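Right, one structure below, let's go through it.
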Amino acid sequence: VFFHSHERCIFIGLGVTDERPLFTFQTAAGADFDIGSNGVTLENLRFDLTGVDALTGPIDVNSSGCNIKNCEFITADSTGQAVVAIVTDANAGRFNLVDCYFKGDMIAGTTSAVRIVGGVNHQIRNCYFEGNYKLTAGAIEVTTTAAGLLIKDSEIINNTPSCTTAINFVRGSTATIVGCLMSILSGTDPVRIQELNSFNGQGRITTGHNYFRGATTVSAGTLL
């Protein structure tokens, strides 16, 4: 179902689970679903990002107020691994990612699921991320200073051997991370700042009521 007005576009897929509309990508690593208008909503859709190896930004968010809800993203299989699933830019303020599912096979090639490149007041809520993400990038990476990012009630699993990161920030960002479960296979710092553990007085990351699991055996999580 597609709705359009002068103010916004809304794409809502009909059906449930595998019966929802499926978008695939072919032809080139630069192929993308370009979101260039304010207030676009994608809801109840599936995206298979494995048709072309090393897709660089298949969901490209360039405008403000984008909402992606209840969508599924297949990020990696034996023949294709997206570098990243969703990329925003500085014009894409108030990006909302809610109730979404990101899954990749245990194969190297995906850097992260979501890359935040600047912007303000983004929200990532109630999402599931699992894949072999880059050792020091994790599922969510902020590569240009972002302000007011909220990451809440999400599960983030990095299956890469010796991985140290679930979420990575560039210095100077401000964010709140609350109610999340994070799993990495090395170290005890799943939330990191520019691949380091210190802001040097720049920015602010607030965490609370998160659980961290670093072991490969069944065990209780550590409260962060």
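Chain labels run A, B, ... following the order of the structure tokens; each chain numbers its residues from 1, and ligands are numbered from 1 in the order shown.
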
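Close contacts of Lys69 of chain A, defined as residues with an atom at most 6 Å away when counting only C-alpha atoms, with chain neighbours fewer than 6 positions off set aside, comprise Glu43, Val98 and Asp99 of chain A.
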
Close residues, Met182 of chain A itself excluded, 7 Å, only C-alpha atoms, min 5 positions apart in chain, as a ChimeraX atom specification:
/A:155-157,166,190,211-213

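Distances from A:Leu42, A:Val191, A:Ile184, A:Leu223 to Phe169 of chain A were compared using only C-alpha atoms, and the smallest one belongs to A:Val191.
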
Which neighbours of Tyr133 of chain A fall inside 6 Å, counting only C-alpha atoms, when residues of the same chain fewer than 3 positions from it are skipped, and could you give them as a PyMOL selection string?
chain A and resi 110-112+138+158

Write a file of the selected residues as a CSV table (one decimal), in the first residue's frame, keeping N, CA, C and O atoms.
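Now in selection.csv:
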```
chain,number,residue,atom,x,y,z
A,110,THR,N,30.2,-7.7,6.4
A,110,THR,CA,29.3,-6.6,6.8
A,110,THR,C,30.0,-5.8,7.9
A,110,THR,O,30.4,-6.3,8.9
A,111,THR,N,30.2,-4.5,7.7
A,111,THR,CA,30.8,-3.6,8.6
A,111,THR,C,29.8,-3.3,9.8
A,111,THR,O,30.1,-3.5,11.0
A,112,SER,N,28.6,-2.9,9.4
A,112,SER,CA,27.6,-2.6,10.4
A,112,SER,C,26.2,-2.7,9.8
A,112,SER,O,26.1,-2.8,8.6
A,138,GLY,N,30.7,-2.8,15.1
A,138,GLY,CA,29.5,-3.3,15.7
A,138,GLY,C,28.3,-3.1,14.8
A,138,GLY,O,28.4,-2.6,13.7
A,158,ASN,N,27.1,-9.3,18.1
A,158,ASN,CA,28.2,-9.3,17.1
A,158,ASN,C,28.9,-10.7,17.2
A,158,ASN,O,29.5,-11.0,18.2
```

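The list of residues with at least one atom within 7 Å of segment 141-147 of chain A, based on only C-alpha atoms and without residues fewer than 4 positions apart in the same chain, reads Ser112, Val114, Arg115, Ile116, Val117, Gly118, Gly119, Val120, Asn121, Ala137, Ile167, Asn168, Phe169, Val170, Arg171, Gly172, Ser173, Thr174 and Ala175 of chain A.
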
Using C-alpha atoms, can you write the selected residues to a file as an mmCIF file, in the first residue's frame?
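Final output, saved to out-v7.cif:
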```cif
data_model
loop_
_atom_site.group_PDB
_atom_site.id
_atom_site.type_symbol
_atom_site.label_atom_id
_atom_site.label_comp_id
_atom_site.auth_asym_id
_atom_site.auth_seq_id
_atom_site.Cartn_x
_atom_site.Cartn_y
_atom_site.Cartn_z
ATOM 1 C CA SER A 112 27.595 -2.575 10.437
ATOM 2 C CA VAL A 114 23.157 1.026 10.654
ATOM 3 C CA ARG A 115 25.588 3.864 9.980
ATOM 4 C CA ILE A 116 24.647 7.266 11.401
ATOM 5 C CA VAL A 117 26.446 10.103 9.609
ATOM 6 C CA GLY A 118 25.587 13.197 11.643
ATOM 7 C CA GLY A 119 22.097 14.555 12.251
ATOM 8 C CA VAL A 120 20.080 15.084 15.435
ATOM 9 C CA ASN A 121 17.446 13.344 17.550
ATOM 10 C CA ALA A 137 32.324 -1.123 14.477
ATOM 11 C CA ILE A 167 27.975 0.056 19.193
ATOM 12 C CA ASN A 168 30.677 2.522 18.166
ATOM 13 C CA PHE A 169 30.600 6.336 18.322
ATOM 14 C CA VAL A 170 32.774 9.042 16.877
ATOM 15 C CA ARG A 171 34.020 11.520 19.488
ATOM 16 C CA GLY A 172 31.675 14.392 20.258
ATOM 17 C CA SER A 173 28.383 12.522 19.855
ATOM 18 C CA THR A 174 25.662 12.637 22.486
ATOM 19 C CA ALA A 175 23.527 9.552 23.050
#
```

Taking 2 positions as the minimum chain separation for residues in the same chain, which residues sit within 9 Å of Ala29 of chain A when counting only C-alpha atoms? Answer as a PyMOL selection string.
chain A and resi 25-27+31-32+52-58+82

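Pairwise distance (atom CA of Phe95 of chain A, atom CA of Ile205 of chain A) equals 18.5 Å.
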
Residue nearest Ile86 of chain A among A:Glu19, A:Asp34, A:Asp105, A:Glu130 (counting only C-alpha atoms)
A:Asp34

Considering only strand (DSSP E or B) as DSSP defines it on the backbone, what residues of segment 7-204 of chain A qualify? List them as a PyMOL selection string.
chain A and resi 9-12+22-24+33-35+41-43+46-48+59-61+67-69+72-76+81+86-88+96-98+101-104+114-117+120+123-125+128-131+140-144+147+149-152+155-158+167-169+174-178+181-183+191-193+196+204

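Proximity of A:Asn67, A:Thr24, A:Thr222, A:Asn91 to Thr41 of chain A, computed with only C-alpha atoms, is greatest for A:Asn67.
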
So that I can see what lies close to Phe33 of chain A, please list as a VMD selection string the residues with an atom at most 7 Å from it, counting only C-alpha atoms and leaving out residues fewer than 2 positions away in the same chain.
chain A and resid 35 58 to 60

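Rounded to one decimal, atom CA of Arg192 of chain A and atom CA of Ala76 of chain A lie 24.0 Å from each other.
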
Neighbour list for Pro21 of chain A as a VMD selection string, cut-off 12 Å, only C-alpha atoms, skip fewer than 5 positions in-chain:
chain A and resid 1 11 to 16 42 to 48 71 to 72

Pick from A:Leu49, A:Val83, A:Val61, A:Cys9 nearest to Ala139 of chain A, counting only C-alpha atoms
A:Val83

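Minimum atom-to-atom distances from A:Asp77, A:Thr164, A:Ala90, A:Cys180 to Ile124 of chain A were compared using only C-alpha atoms, and the lowest value belongs to A:Cys180.
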
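Remark: for Thr207 of chain A, the closest of the candidate residues A:Ser37, A:Ile177, A:Ser186, A:Gly221 is A:Ile177 (distances computed over only C-alpha atoms).
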
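For the pair atom CA of Ala85 of chain A and atom CA of Gly208 of chain A, the separation is 26.9 Å.
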